[in-house]
$ cat model32.pdb   # PDB, C-alpha atoms
MODEL        1
ATOM      1  CA  MET A 315      40.508 187.692 -51.730
ATOM      2  CA  ARG A 316      41.474 186.151 -55.113
ATOM      3  CA  GLN A 317      38.804 185.627 -57.758
ATOM      4  CA  LEU A 318      37.835 181.958 -57.773
ATOM      5  CA  ILE A 319      35.407 180.110 -60.007
ATOM      6  CA  ASP A 320      32.097 179.370 -58.312
ATOM      7  CA  LEU A 321      31.938 175.649 -57.519
ATOM      8  CA  LYS A 322      28.130 175.792 -57.556
ATOM      9  CA  ILE A 323      28.407 175.962 -61.357
ATOM     10  CA  ASP A 324      28.301 172.303 -62.382
ATOM     11  CA  TYR A 325      31.289 172.574 -64.734
ATOM     12  CA  ALA A 326      33.476 173.940 -61.928
ATOM     13  CA  PHE A 327      32.102 171.405 -59.423
ATOM     14  CA  LYS A 328      32.967 168.540 -61.752
ATOM     15  CA  LEU A 329      36.474 169.953 -62.316
ATOM     16  CA  ILE A 330      37.201 169.412 -58.632
ATOM     17  CA  PHE A 331      35.083 166.415 -57.646
ATOM     18  CA  GLY A 332      34.646 164.485 -60.904
ATOM     19  CA  LYS A 333      37.939 164.708 -62.804
ATOM     20  CA  THR A 334      40.392 161.856 -63.251
ATOM     21  CA  GLY A 335      43.158 162.274 -60.665
ATOM     22  CA  ASN A 336      40.816 163.856 -58.122
ATOM     23  CA  GLU A 337      39.282 160.576 -56.948
ATOM     24  CA  PRO A 338      40.539 161.083 -53.341
ATOM     25  CA  ILE A 339      38.459 164.290 -53.175
ATOM     26  CA  LEU A 340      35.319 162.484 -54.353
ATOM     27  CA  ILE A 341      35.965 159.629 -51.908
ATOM     28  CA  ALA A 342      36.309 162.055 -48.983
ATOM     29  CA  PHE A 343      33.078 163.808 -49.967
ATOM     30  CA  LEU A 344      31.162 160.527 -50.315
ATOM     31  CA  ASN A 345      32.371 159.187 -46.962
ATOM     32  CA  ALA A 346      31.238 162.433 -45.326
ATOM     33  CA  ALA A 347      27.902 162.525 -47.195
ATOM     34  CA  LEU A 348      27.013 158.883 -46.556
ATOM     35  CA  LYS A 349      28.289 159.031 -42.951
ATOM     36  CA  LEU A 350      29.960 155.662 -43.296
ATOM     37  CA  PRO A 351      31.675 154.163 -40.214
ATOM     38  CA  ARG A 352      35.484 154.210 -40.212
ATOM     39  CA  ASP A 353      35.722 150.442 -40.664
ATOM     40  CA  ASN A 354      33.424 150.485 -43.718
ATOM     41  CA  GLN A 355      34.423 153.583 -45.655
ATOM     42  CA  ILE A 356      34.831 153.892 -49.411
ATOM     43  CA  THR A 357      38.488 153.483 -50.311
ATOM     44  CA  SER A 358      38.408 153.736 -54.103
ATOM     45  CA  VAL A 359      36.060 154.830 -56.894
ATOM     46  CA  GLN A 360      35.987 154.654 -60.664
ATOM     47  CA  LEU A 361      34.641 157.675 -62.509
ATOM     48  CA  LEU A 362      32.156 156.593 -65.171
ATOM     49  CA  ASN A 363      31.941 159.954 -66.980
ATOM     50  CA  PRO A 364      35.146 161.936 -66.335
ATOM     51  CA  GLU A 365      34.890 163.906 -69.604
ATOM     52  CA  LEU A 366      34.245 167.625 -69.231
ATOM     53  CA  ASP A 367      34.366 169.651 -72.453
ATOM     54  CA  LYS A 368      32.458 167.302 -74.750
ATOM     55  CA  ASP A 369      29.707 166.687 -72.163
ATOM     56  CA  PHE A 370      27.980 169.918 -73.078
ATOM     57  CA  LYS A 371      29.739 171.222 -76.177
ATOM     58  CA  GLY A 372      26.971 172.667 -78.320
ATOM     59  CA  ASP A 373      24.338 171.775 -75.719
ATOM     60  CA  LYS A 374      24.150 174.292 -72.911
ATOM     61  CA  LYS A 375      21.035 172.596 -71.467
ATOM     62  CA  SER A 376      22.900 169.372 -70.687
ATOM     63  CA  VAL A 377      23.568 168.330 -67.095
ATOM     64  CA  LEU A 378      27.171 167.940 -65.954
ATOM     65  CA  ASP A 379      26.608 165.314 -63.287
ATOM     66  CA  ILE A 380      29.174 162.982 -61.730
ATOM     67  CA  ARG A 381      28.733 159.236 -62.068
ATOM     68  CA  ALA A 382      30.976 156.807 -60.246
ATOM     69  CA  VAL A 383      31.141 153.254 -58.916
ATOM     70  CA  THR A 384      32.940 152.142 -55.751
ATOM     71  CA  THR A 385      35.081 149.038 -55.365
ATOM     72  CA  GLU A 386      32.089 147.391 -53.682
ATOM     73  CA  GLY A 387      29.989 148.106 -56.778
ATOM     74  CA  ILE A 388      27.882 150.902 -55.251
ATOM     75  CA  GLN A 389      26.641 153.203 -58.028
ATOM     76  CA  VAL A 390      26.659 156.956 -57.290
ATOM     77  CA  ASN A 391      25.244 159.931 -59.179
ATOM     78  CA  ILE A 392      25.889 163.516 -57.990
ATOM     79  CA  GLU A 393      24.103 166.511 -59.479
ATOM     80  CA  ILE A 394      24.195 170.187 -58.521
ATOM     81  CA  GLN A 395      21.270 172.516 -59.320
ATOM     82  CA  LEU A 396      21.060 176.313 -58.957
ATOM     83  CA  ALA A 397      17.432 176.788 -60.000
ATOM     84  CA  ASN A 398      14.296 174.993 -58.864
ATOM     85  CA  ARG A 399      12.964 173.492 -62.087
ATOM     86  CA  HIS A 400      10.135 171.933 -60.049
ATOM     87  CA  ASP A 401      11.055 168.441 -61.173
ATOM     88  CA  MET A 402      13.728 167.319 -58.710
ATOM     89  CA  ASP A 403      11.740 164.369 -57.372
ATOM     90  CA  LYS A 404      11.086 162.934 -60.846
ATOM     91  CA  ARG A 405      14.542 163.860 -62.118
ATOM     92  CA  THR A 406      16.361 162.110 -59.286
ATOM     93  CA  LEU A 407      14.184 158.989 -59.588
ATOM     94  CA  PHE A 408      14.910 158.914 -63.317
ATOM     95  CA  TYR A 409      18.676 159.144 -62.774
ATOM     96  CA  TRP A 410      18.492 156.533 -60.022
ATOM     97  CA  ALA A 411      16.528 154.126 -62.231
ATOM     98  CA  ARG A 412      18.857 154.647 -65.184
ATOM     99  CA  MET A 413      21.971 153.918 -63.123
ATOM    100  CA  TYR A 414      20.359 150.952 -61.393
ATOM    101  CA  THR A 415      19.219 149.263 -64.613
ATOM    102  CA  ARG A 416      22.499 149.974 -66.442
ATOM    103  CA  GLN A 417      24.138 147.381 -64.190
ATOM    104  CA  MET A 418      22.078 144.538 -65.672
ATOM    105  CA  ARG A 419      23.929 142.207 -68.017
ATOM    106  CA  GLU A 420      22.747 139.127 -69.876
ATOM    107  CA  GLY A 421      22.474 136.174 -67.513
ATOM    108  CA  MET A 422      22.823 138.398 -64.437
ATOM    109  CA  ALA A 423      20.580 137.693 -61.417
ATOM    110  CA  TYR A 424      18.529 140.564 -59.966
ATOM    111  CA  GLN A 425      20.085 139.975 -56.569
ATOM    112  CA  GLU A 426      23.447 140.956 -58.065
ATOM    113  CA  LEU A 427      22.260 144.523 -58.699
ATOM    114  CA  ALA A 428      24.229 146.840 -56.403
ATOM    115  CA  LYS A 429      23.029 149.686 -54.229
ATOM    116  CA  THR A 430      22.499 152.909 -56.185
ATOM    117  CA  ILE A 431      22.696 156.379 -54.629
ATOM    118  CA  THR A 432      21.774 159.778 -56.043
ATOM    119  CA  ILE A 433      22.988 162.950 -54.337
ATOM    120  CA  ASN A 434      21.372 166.288 -55.198
ATOM    121  CA  ILE A 435      23.111 169.485 -54.077
ATOM    122  CA  LEU A 436      20.615 172.340 -54.350
ATOM    123  CA  ASP A 437      21.141 176.092 -54.164
ATOM    124  CA  PHE A 438      17.497 176.603 -53.224
ATOM    125  CA  ARG A 439      15.055 175.441 -50.572
ATOM    126  CA  TYR A 440      13.258 172.324 -51.711
ATOM    127  CA  ILE A 441      11.916 170.175 -48.882
ATOM    128  CA  LYS A 442       9.422 172.273 -46.924
ATOM    129  CA  GLU A 443       8.748 169.655 -44.253
ATOM    130  CA  THR A 444      12.120 170.052 -42.516
ATOM    131  CA  ARG A 445      14.742 172.647 -41.579
ATOM    132  CA  ARG A 446      17.481 170.033 -41.949
ATOM    133  CA  TYR A 447      19.877 170.804 -44.785
ATOM    134  CA  HIS A 448      20.617 167.122 -45.480
ATOM    135  CA  SER A 449      17.678 164.764 -46.081
ATOM    136  CA  VAL A 450      18.045 161.082 -46.954
ATOM    137  CA  PHE A 451      15.268 158.961 -48.472
ATOM    138  CA  ARG A 452      15.037 155.163 -48.709
ATOM    139  CA  LEU A 453      12.224 152.602 -49.146
ATOM    140  CA  PHE A 454      10.284 151.838 -45.970
ATOM    141  CA  GLU A 455       6.972 150.144 -45.137
ATOM    142  CA  VAL A 456       4.357 152.824 -44.418
ATOM    143  CA  GLU A 457       2.829 151.504 -41.176
ATOM    144  CA  GLU A 458       5.726 149.817 -39.385
ATOM    145  CA  GLY A 459       8.714 151.603 -40.901
ATOM    146  CA  PHE A 460      10.891 148.611 -41.766
ATOM    147  CA  GLU A 461      13.062 148.811 -44.870
ATOM    148  CA  LEU A 462      12.196 146.948 -48.074
ATOM    149  CA  THR A 463      15.680 147.126 -49.586
ATOM    150  CA  GLU A 464      18.838 149.179 -49.246
ATOM    151  CA  ALA A 465      19.197 149.332 -53.045
ATOM    152  CA  LEU A 466      17.699 152.838 -53.270
ATOM    153  CA  GLU A 467      19.081 155.888 -51.479
ATOM    154  CA  ILE A 468      18.397 159.519 -52.412
ATOM    155  CA  HIS A 469      20.055 162.547 -50.802
ATOM    156  CA  PHE A 470      19.039 166.202 -50.939
ATOM    157  CA  MET A 471      21.532 168.801 -49.634
ATOM    158  CA  GLU A 472      20.052 172.315 -49.511
ATOM    159  CA  LEU A 473      22.728 175.021 -49.329
ATOM    160  CA  PRO A 474      20.431 177.887 -48.164
ATOM    161  CA  LYS A 475      19.418 175.840 -45.104
ATOM    162  CA  LEU A 476      23.078 175.032 -44.444
ATOM    163  CA  LEU A 477      23.958 178.744 -44.381
ATOM    164  CA  VAL A 478      21.120 179.473 -41.941
ATOM    165  CA  LYS A 479      22.346 176.732 -39.586
ATOM    166  CA  TRP A 480      25.868 178.155 -39.759
ATOM    167  CA  ARG A 481      24.760 181.713 -39.044
ATOM    168  CA  GLU A 482      22.763 180.422 -36.080
ATOM    169  CA  GLY A 483      25.905 178.727 -34.753
ATOM    170  CA  LEU A 484      24.352 175.260 -34.980
ATOM    171  CA  ILE A 485      27.013 173.712 -37.226
ATOM    172  CA  SER A 486      30.795 173.989 -37.483
ATOM    173  CA  LEU A 487      33.174 173.700 -40.425
ATOM    174  CA  ARG A 488      35.853 172.342 -38.107
ATOM    175  CA  GLU A 489      33.754 169.595 -36.565
ATOM    176  CA  ASP A 490      31.691 168.273 -39.478
ATOM    177  CA  ALA A 491      33.374 166.956 -42.647
ATOM    178  CA  LEU A 492      30.232 167.211 -44.814
ATOM    179  CA  VAL A 493      29.756 170.843 -43.766
ATOM    180  CA  ARG A 494      33.333 171.558 -44.889
ATOM    181  CA  TRP A 495      32.840 170.005 -48.311
ATOM    182  CA  LEU A 496      29.537 171.793 -48.890
ATOM    183  CA  PHE A 497      30.972 175.108 -47.706
ATOM    184  CA  LEU A 498      33.693 174.718 -50.312
ATOM    185  CA  LEU A 499      30.873 175.611 -52.728
ATOM    186  CA  GLU A 500      30.310 178.901 -50.868
ATOM    187  CA  GLY A 501      33.974 179.859 -50.525
ATOM    188  CA  SER A 502      34.181 181.942 -53.700
ATOM    189  CA  GLU A 503      31.601 184.372 -52.312
ATOM    190  CA  ASP A 504      32.473 184.491 -48.602
ATOM    191  CA  GLU A 505      35.970 185.451 -47.438
ATOM    192  CA  GLU A 506      35.366 184.235 -43.877
ATOM    193  CA  ILE A 507      34.415 180.765 -45.111
ATOM    194  CA  TYR A 508      37.373 180.644 -47.493
ATOM    195  CA  LYS A 509      39.907 181.614 -44.815
ATOM    196  CA  THR A 510      38.478 179.060 -42.372
ATOM    197  CA  LEU A 511      38.764 176.364 -45.031
ATOM    198  CA  GLU A 512      42.376 177.403 -45.690
ATOM    199  CA  GLU A 513      43.194 176.966 -41.992
ATOM    200  CA  ILE A 514      41.517 173.546 -41.841
ATOM    201  CA  ALA A 515      43.260 172.470 -45.060
ATOM    202  CA  MET A 516      46.632 172.843 -43.335
ATOM    203  CA  GLN A 517      45.678 169.763 -41.290
ATOM    204  CA  ASP A 518      43.583 168.006 -43.947
ATOM    205  CA  PRO A 519      45.603 166.862 -47.020
ATOM    206  CA  ILE A 520      42.546 165.964 -49.120
ATOM    207  CA  LEU A 521      40.851 169.317 -48.507
ATOM    208  CA  ASN A 522      44.205 170.930 -49.282
ATOM    209  CA  GLN A 523      44.314 169.044 -52.605
ATOM    210  CA  ALA A 524      40.802 170.248 -53.417
ATOM    211  CA  MET A 525      41.694 173.871 -52.706
ATOM    212  CA  ASP A 526      44.883 173.629 -54.759
ATOM    213  CA  GLU A 527      42.893 172.219 -57.694
ATOM    214  CA  TRP A 528      40.313 174.965 -57.229
ATOM    215  CA  GLU A 529      42.940 177.710 -57.333
ATOM    216  CA  LYS A 530      44.791 176.205 -60.325
ATOM    217  CA  SER A 531      41.558 175.841 -62.271
ATOM    218  CA  SER A 532      40.572 179.408 -61.437
ATOM    219  CA  ASP A 533      43.886 180.683 -62.852
ATOM    220  CA  ASP A 534      43.660 178.709 -66.121
ATOM    221  CA  PRO A 535      42.493 181.029 -68.970
ATOM    222  CA  ARG A 536      41.013 178.173 -71.017
ATOM    223  CA  ILE A 537      39.044 176.836 -68.065
ATOM    224  CA  ARG A 538      37.796 180.304 -67.189
ATOM    225  CA  GLU A 539      36.527 180.819 -70.740
ATOM    226  CA  ILE A 540      34.528 177.571 -70.629
ATOM    227  CA  TYR A 541      33.408 178.372 -67.088
ATOM    228  CA  TRP A 542      32.049 181.825 -67.988
ATOM    229  CA  SER A 543      30.144 180.353 -70.924
ATOM    230  CA  ARG A 544      28.626 177.651 -68.728
ATOM    231  CA  GLN A 545      27.836 180.105 -65.929
ATOM    232  CA  LYS A 546      26.031 182.440 -68.331
ATOM    233  CA  ALA A 547      23.904 179.602 -69.741
ATOM    234  CA  ILE A 548      22.918 178.369 -66.262
ATOM    235  CA  LEU A 549      22.175 181.829 -64.849
ATOM    236  CA  ASP A 550      20.174 182.758 -67.955
ATOM    237  CA  GLU A 551      18.056 179.644 -67.491
ATOM    238  CA  LYS A 552      17.629 180.408 -63.777
ATOM    239  CA  ALA A 553      16.498 183.953 -64.585
ATOM    240  CA  ALA A 554      14.119 182.688 -67.286
ATOM    241  CA  ILE A 555      12.486 180.248 -64.871
ATOM    242  CA  ARG A 556      12.075 182.931 -62.199
ATOM    243  CA  GLU A 557      10.664 185.406 -64.722
ATOM    244  CA  ALA A 558       8.213 182.780 -65.999
ATOM    245  CA  GLU A 559       7.046 182.049 -62.445
ATOM    246  CA  LEU A 560       6.448 185.750 -61.722
ATOM    247  CA  ARG A 561       4.658 186.297 -65.036
ATOM    248  CA  LEU A 562       2.442 183.272 -64.444
ATOM    249  CA  LYS A 563       1.564 184.502 -60.957
ATOM    250  CA  LYS A 564       0.634 187.944 -62.282
ATOM    251  CA  SER A 565      -1.284 186.471 -65.214
ATOM    252  CA  MET A 566      -3.267 184.158 -62.912
ATOM    253  CA  GLU A 567      -4.110 187.062 -60.595
ATOM    254  CA  GLU A 568      -5.484 188.964 -63.584
ATOM    255  CA  GLY A 569      -7.335 185.856 -64.715
ATOM    256  CA  ILE A 570      -8.960 185.493 -61.307
ATOM    257  CA  LYS A 571     -10.062 189.155 -61.346
ATOM    258  CA  GLN A 572     -11.589 188.760 -64.788
ATOM    259  CA  GLY A 573     -13.230 185.521 -63.697
ATOM    260  CA  ILE A 574     -14.827 187.197 -60.680
ATOM    261  CA  LYS A 575     -16.167 190.021 -62.860
ATOM    262  CA  GLN A 576     -17.591 187.528 -65.309
ATOM    263  CA  GLY A 577     -19.168 185.492 -62.519
ATOM    264  CA  ILE A 578     -20.717 188.560 -60.881
ATOM    265  CA  LYS A 579     -22.381 189.447 -64.189
ATOM    266  CA  GLN A 580     -23.948 185.996 -64.215
ATOM    267  CA  GLY A 581     -25.082 186.588 -60.644
ATOM    268  CA  LEU A 582     -24.334 183.101 -59.439
ATOM    269  CA  LYS A 583     -21.752 181.615 -57.088
ATOM    270  CA  GLN A 584     -21.234 178.830 -59.584
ATOM    271  CA  GLY A 585     -20.659 181.418 -62.287
ATOM    272  CA  ILE A 586     -17.948 183.101 -60.206
ATOM    273  CA  GLU A 587     -16.198 179.775 -59.600
ATOM    274  CA  GLN A 588     -16.409 178.861 -63.269
ATOM    275  CA  GLY A 589     -15.128 182.283 -64.273
ATOM    276  CA  ILE A 590     -12.146 182.019 -61.941
ATOM    277  CA  GLU A 591     -11.325 178.535 -63.211
ATOM    278  CA  GLN A 592     -11.574 179.676 -66.807
ATOM    279  CA  GLY A 593      -9.385 182.716 -66.106
ATOM    280  CA  ILE A 594      -6.696 180.560 -64.516
ATOM    281  CA  GLU A 595      -6.698 178.049 -67.371
ATOM    282  CA  GLU A 596      -6.464 180.812 -69.979
ATOM    283  CA  SER A 597      -3.545 182.341 -68.062
ATOM    284  CA  LYS A 598      -1.703 179.006 -68.005
ATOM    285  CA  LEU A 599      -2.294 178.521 -71.716
ATOM    286  CA  THR A 600      -1.045 182.012 -72.570
ATOM    287  CA  MET A 601       2.084 181.610 -70.427
ATOM    288  CA  ALA A 602       2.841 178.161 -71.862
ATOM    289  CA  GLN A 603       2.693 179.574 -75.378
ATOM    290  CA  LYS A 604       5.007 182.466 -74.465
ATOM    291  CA  MET A 605       7.530 180.144 -72.815
ATOM    292  CA  LEU A 606       7.502 177.840 -75.834
ATOM    293  CA  LYS A 607       8.314 180.790 -78.092
ATOM    294  CA  ARG A 608      11.276 181.603 -75.841
ATOM    295  CA  GLY A 609      12.602 178.069 -76.337
ATOM    296  CA  MET A 610      12.168 176.896 -72.742
ATOM    297  CA  ASP A 611      12.314 173.179 -72.018
ATOM    298  CA  ILE A 612       8.890 171.467 -72.254
ATOM    299  CA  GLY A 613       9.443 169.668 -68.950
ATOM    300  CA  VAL A 614      10.170 172.944 -67.167
ATOM    301  CA  ILE A 615       7.078 174.592 -68.710
ATOM    302  CA  SER A 616       4.965 171.618 -67.613
ATOM    303  CA  ASP A 617       6.143 171.897 -64.007
ATOM    304  CA  ILE A 618       5.654 175.683 -63.854
ATOM    305  CA  VAL A 619       2.199 175.977 -65.442
ATOM    306  CA  GLY A 620       0.756 172.618 -64.358
ATOM    307  CA  MET A 621      -0.065 171.336 -67.851
ATOM    308  CA  SER A 622       0.969 167.918 -69.181
ATOM    309  CA  GLU A 623       3.923 167.703 -71.552
ATOM    310  CA  GLU A 624       1.587 166.308 -74.213
ATOM    311  CA  GLU A 625      -0.719 169.336 -73.939
ATOM    312  CA  ILE A 626       2.273 171.659 -74.294
ATOM    313  CA  LYS A 627       3.620 169.751 -77.308
ATOM    314  CA  ASN A 628       0.215 170.169 -78.975
ATOM    315  CA  LEU A 629       0.546 173.948 -78.624
ATOM    316  CA  LYS A 630       3.486 173.837 -81.019
ATOM    317  CA  GLY A 631       1.176 172.783 -83.819
TER     318      GLY A 631
ENDMDL
END
$ encode --input "model32.pdb" --output "structure tokens"
Amino acid sequence: MRQLIDLKIDYAFKLIFGKTGNEPILIAFLNAALKLPRDNQITSVQLLNPELDKDFKGDKKSVLDIRAVTTEGIQVNIEIQLANRHDMDKRTLFYWARMYTRQMREGMAYQELAKTITINILDFRYIKETRRYHSVFRLFEVEEGFELTEALEIHFMELPKLLVKWREGLISLREDALVRWLFLLEGSEDEEIYKTLEEIAMQDPILNQAMDEWEKSSDDPRIREIYWSRQKAILDEKAAIREAELRLKKSMEEGIKQGIKQGIKQGLKQGIEQGIEQGIEESKLTMAQKMLKRGMDIGVISDIVGMSEEEIKNLKG
């Protein structure tokens, strides 16, 4: 099997789905993801941020998302994430709000604001309440379940759950278009998936275009150089987050042990509880300081240790 760039790396994903000239690929993915009826499918899109190199030149922490607008005015944001930064709910609401409000122009009525959709493709398990790999959220009344507005729509697509469904024989690449597009992201690591996609592409011109673009990009020395740099930055961040989580867990376990010892000396149940609480807080503080020294993002530190961003900023002083 030839060596292909991993489309789970956002730079590579955007090369295929978010580059000028590849609009038919993005349209096919969106129609599959949104499950639009044949008589109401997206027929054209305009890419709002087709640039690639300058998006993250000198800033390896930037996010290479895809932003587009359909002929009907529907705003779409697509983001792919390899590591759970523990902020996906807030992040996706922020991106949704930013795209939604960017539509507003002077003299424009609120009712003219178009539907805005964010799609999050995740290489980790995120939503614990369901085994479904594709979850869609909108605004509904709590008691009776009717919809307030169709303006907001948020998608989460969890690749690990997708793979489990496939191994269990519950989904098929040949029968489900969204499964095919998501499995394109797994094709660089699984020969069986890649060969199946090749067979399907013989009958699917848009999938065939995507695979041709994928192979051409993989063979381009300049693209590969940028790709390796981006991959290293993303994987380093993923490893740093995982290491921080493990260190915090170990530190908190030690803090709890010390808290119990301290409480036992006081001979009171309340003393034990206070000791444990103090041990946990000291562990969080110590870990936050260590992560700051390593240059980790304040938002990520906040989500991992459970401290506010303001508290973490104060540690810098």
$ resolve_selection --input "model32.pdb" --expression "the PyMOL selection byres ((chain A and resi 627) around 12)" --output "number ranges by chain"
A: 599, 602-603, 605-606, 611-613, 615-616, 621-626, 628-631
$ closest_residue --input "model32.pdb" --among "A:Ala382, A:Ile330, A:Ala397, A:Ile323" --to "Ala554 in chain A" --atoms "all atoms listed in the file"
A:Ala397
$ residues_around --input "model32.pdb" --residues "Asn363 in chain A" --least-positions-apart "3" --cutoff "10 Å" --atoms "all atoms listed in the file" --output "list of chain:residue names"
A:Gly332, A:Lys333, A:Thr334, A:Gln360, A:Leu366, A:Asp369, A:Leu378, A:Asp379, A:Ile380, A:Arg381, A:Ala382
$ resolve_selection --input "model32.pdb" --expression "the PyMOL selection byres ((chain A and resi 511-527) around 9)" --output "PyMOL selection string"
chain A and resi 329-331+336+338-339+342+487-488+494-495+497-498+501+506-510+528-532
$ atom_distance --input "model32.pdb" --atom1 "CA of Asn391 in chain A" --atom2 "CA of Ile468 in chain A"
9.6 Å
$ axis_aligned_box --input "model32.pdb" --around "range 442-461 of chain A" --padding-each-side "3 Å" --output "AutoDock Vina command-line options"
--center_x 11.7 --center_y 160.6 --center_z -44.3 --size_x 23.8 --size_y 30.0 --size_z 15.8
$ residues_near_point --input "model32.pdb" --point "(29.6, 173.3, -49.2)" --cutoff "12 Å" --atoms "all atoms listed in the file" --output "tab-separated table (two decimals) with C-alpha atoms, in the frame of the given file"
chain	number	residue	atom	x	y	z
A	320	ASP	CA	32.10	179.37	-58.31
A	321	LEU	CA	31.94	175.65	-57.52
A	322	LYS	CA	28.13	175.79	-57.56
A	327	PHE	CA	32.10	171.40	-59.42
A	343	PHE	CA	33.08	163.81	-49.97
A	346	ALA	CA	31.24	162.43	-45.33
A	347	ALA	CA	27.90	162.52	-47.20
A	394	ILE	CA	24.20	170.19	-58.52
A	435	ILE	CA	23.11	169.48	-54.08
A	436	LEU	CA	20.62	172.34	-54.35
A	437	ASP	CA	21.14	176.09	-54.16
A	447	TYR	CA	19.88	170.80	-44.78
A	448	HIS	CA	20.62	167.12	-45.48
A	471	MET	CA	21.53	168.80	-49.63
A	472	GLU	CA	20.05	172.32	-49.51
A	473	LEU	CA	22.73	175.02	-49.33
A	474	PRO	CA	20.43	177.89	-48.16
A	475	LYS	CA	19.42	175.84	-45.10
A	476	LEU	CA	23.08	175.03	-44.44
A	477	LEU	CA	23.96	178.74	-44.38
A	480	TRP	CA	25.87	178.16	-39.76
A	486	SER	CA	30.80	173.99	-37.48
A	487	LEU	CA	33.17	173.70	-40.42
A	490	ASP	CA	31.69	168.27	-39.48
A	491	ALA	CA	33.37	166.96	-42.65
A	492	LEU	CA	30.23	167.21	-44.81
A	493	VAL	CA	29.76	170.84	-43.77
A	494	ARG	CA	33.33	171.56	-44.89
A	495	TRP	CA	32.84	170.00	-48.31
A	496	LEU	CA	29.54	171.79	-48.89
A	497	PHE	CA	30.97	175.11	-47.71
A	498	LEU	CA	33.69	174.72	-50.31
A	499	LEU	CA	30.87	175.61	-52.73
A	500	GLU	CA	30.31	178.90	-50.87
A	501	GLY	CA	33.97	179.86	-50.52
A	502	SER	CA	34.18	181.94	-53.70
A	503	GLU	CA	31.60	184.37	-52.31
A	504	ASP	CA	32.47	184.49	-48.60
A	507	ILE	CA	34.42	180.76	-45.11
A	508	TYR	CA	37.37	180.64	-47.49
A	511	LEU	CA	38.76	176.36	-45.03
A	521	LEU	CA	40.85	169.32	-48.51
$ resolve_selection --input "model32.pdb" --expression "the PyMOL selection byres ((chain A and resi 353-355) around 12)" --output "VMD selection string"
chain A and resid 341 to 352 356 to 359 384 to 386 388
$ write_last_selection --input "model32.pdb" --atoms "C-alpha atoms" --output "PDB file, in the frame of the given file"
ATOM      1  CA  ILE A 341      35.965 159.629 -51.908  1.00  0.00           C
ATOM      2  CA  ALA A 342      36.309 162.055 -48.983  1.00  0.00           C
ATOM      3  CA  PHE A 343      33.078 163.808 -49.967  1.00  0.00           C
ATOM      4  CA  LEU A 344      31.162 160.527 -50.315  1.00  0.00           C
ATOM      5  CA  ASN A 345      32.371 159.187 -46.962  1.00  0.00           C
ATOM      6  CA  ALA A 346      31.238 162.433 -45.326  1.00  0.00           C
ATOM      7  CA  ALA A 347      27.902 162.525 -47.195  1.00  0.00           C
ATOM      8  CA  LEU A 348      27.013 158.883 -46.556  1.00  0.00           C
ATOM      9  CA  LYS A 349      28.289 159.031 -42.951  1.00  0.00           C
ATOM     10  CA  LEU A 350      29.960 155.662 -43.296  1.00  0.00           C
ATOM     11  CA  PRO A 351      31.675 154.163 -40.214  1.00  0.00           C
ATOM     12  CA  ARG A 352      35.484 154.210 -40.212  1.00  0.00           C
ATOM     13  CA  ILE A 356      34.831 153.892 -49.411  1.00  0.00           C
ATOM     14  CA  THR A 357      38.488 153.483 -50.311  1.00  0.00           C
ATOM     15  CA  SER A 358      38.408 153.736 -54.103  1.00  0.00           C
ATOM     16  CA  VAL A 359      36.060 154.830 -56.894  1.00  0.00           C
ATOM     17  CA  THR A 384      32.940 152.142 -55.751  1.00  0.00           C
ATOM     18  CA  THR A 385      35.081 149.038 -55.365  1.00  0.00           C
ATOM     19  CA  GLU A 386      32.089 147.391 -53.682  1.00  0.00           C
ATOM     20  CA  ILE A 388      27.882 150.902 -55.251  1.00  0.00           C
TER      21      ILE A 388
END
$ closest_residue --input "model32.pdb" --among "A:Ala428, A:Arg405, A:His400, A:Ile485" --to "Asp617 in chain A" --atoms "all atoms listed in the file"
A:His400
$ atom_distance --input "model32.pdb" --atom1 "CA of Glu467 in chain A" --atom2 "CA of Phe408 in chain A"
12.9 Å
$ closest_residue --input "model32.pdb" --among "A:Arg416, A:Val390, A:Asp550, A:Lys328" --to "Glu365 in chain A" --atoms "all atoms listed in the file"
A:Lys328
$ atom_distance --input "model32.pdb" --atom1 "CA of Glu461 in chain A" --atom2 "CA of Phe438 in chain A"
29.4 Å
$ closest_residue --input "model32.pdb" --among "A:Thr600, A:Ser449, A:Thr432, A:Ser543" --to "Ala326 in chain A" --atoms "all atoms listed in the file"
A:Ser543
$ closest_residue --input "model32.pdb" --among "A:Asp324, A:Gly335, A:Glu464, A:Lys598" --to "Val619 in chain A" --atoms "only C-alpha atoms"
A:Lys598
$ closest_residue --input "model32.pdb" --among "A:Arg446, A:Glu489, A:Pro535, A:Ala465" --to "Tyr424 in chain A" --atoms "all atoms listed in the file"
A:Ala465
$ residues_near_point --input "model32.pdb" --point "(14.9, 182.4, -62.4)" --cutoff "12 Å" --atoms "all atoms listed in the file" --output "list in words"
Leu396, Ala397, Asn398, Arg399, His400, Phe438, Ala547, Ile548, Leu549, Asp550, Glu551, Lys552, Ala553, Ala554, Ile555, Arg556, Glu557, Ala558, Glu559, Leu560, Arg561, Val614 and Ile618 of chain A
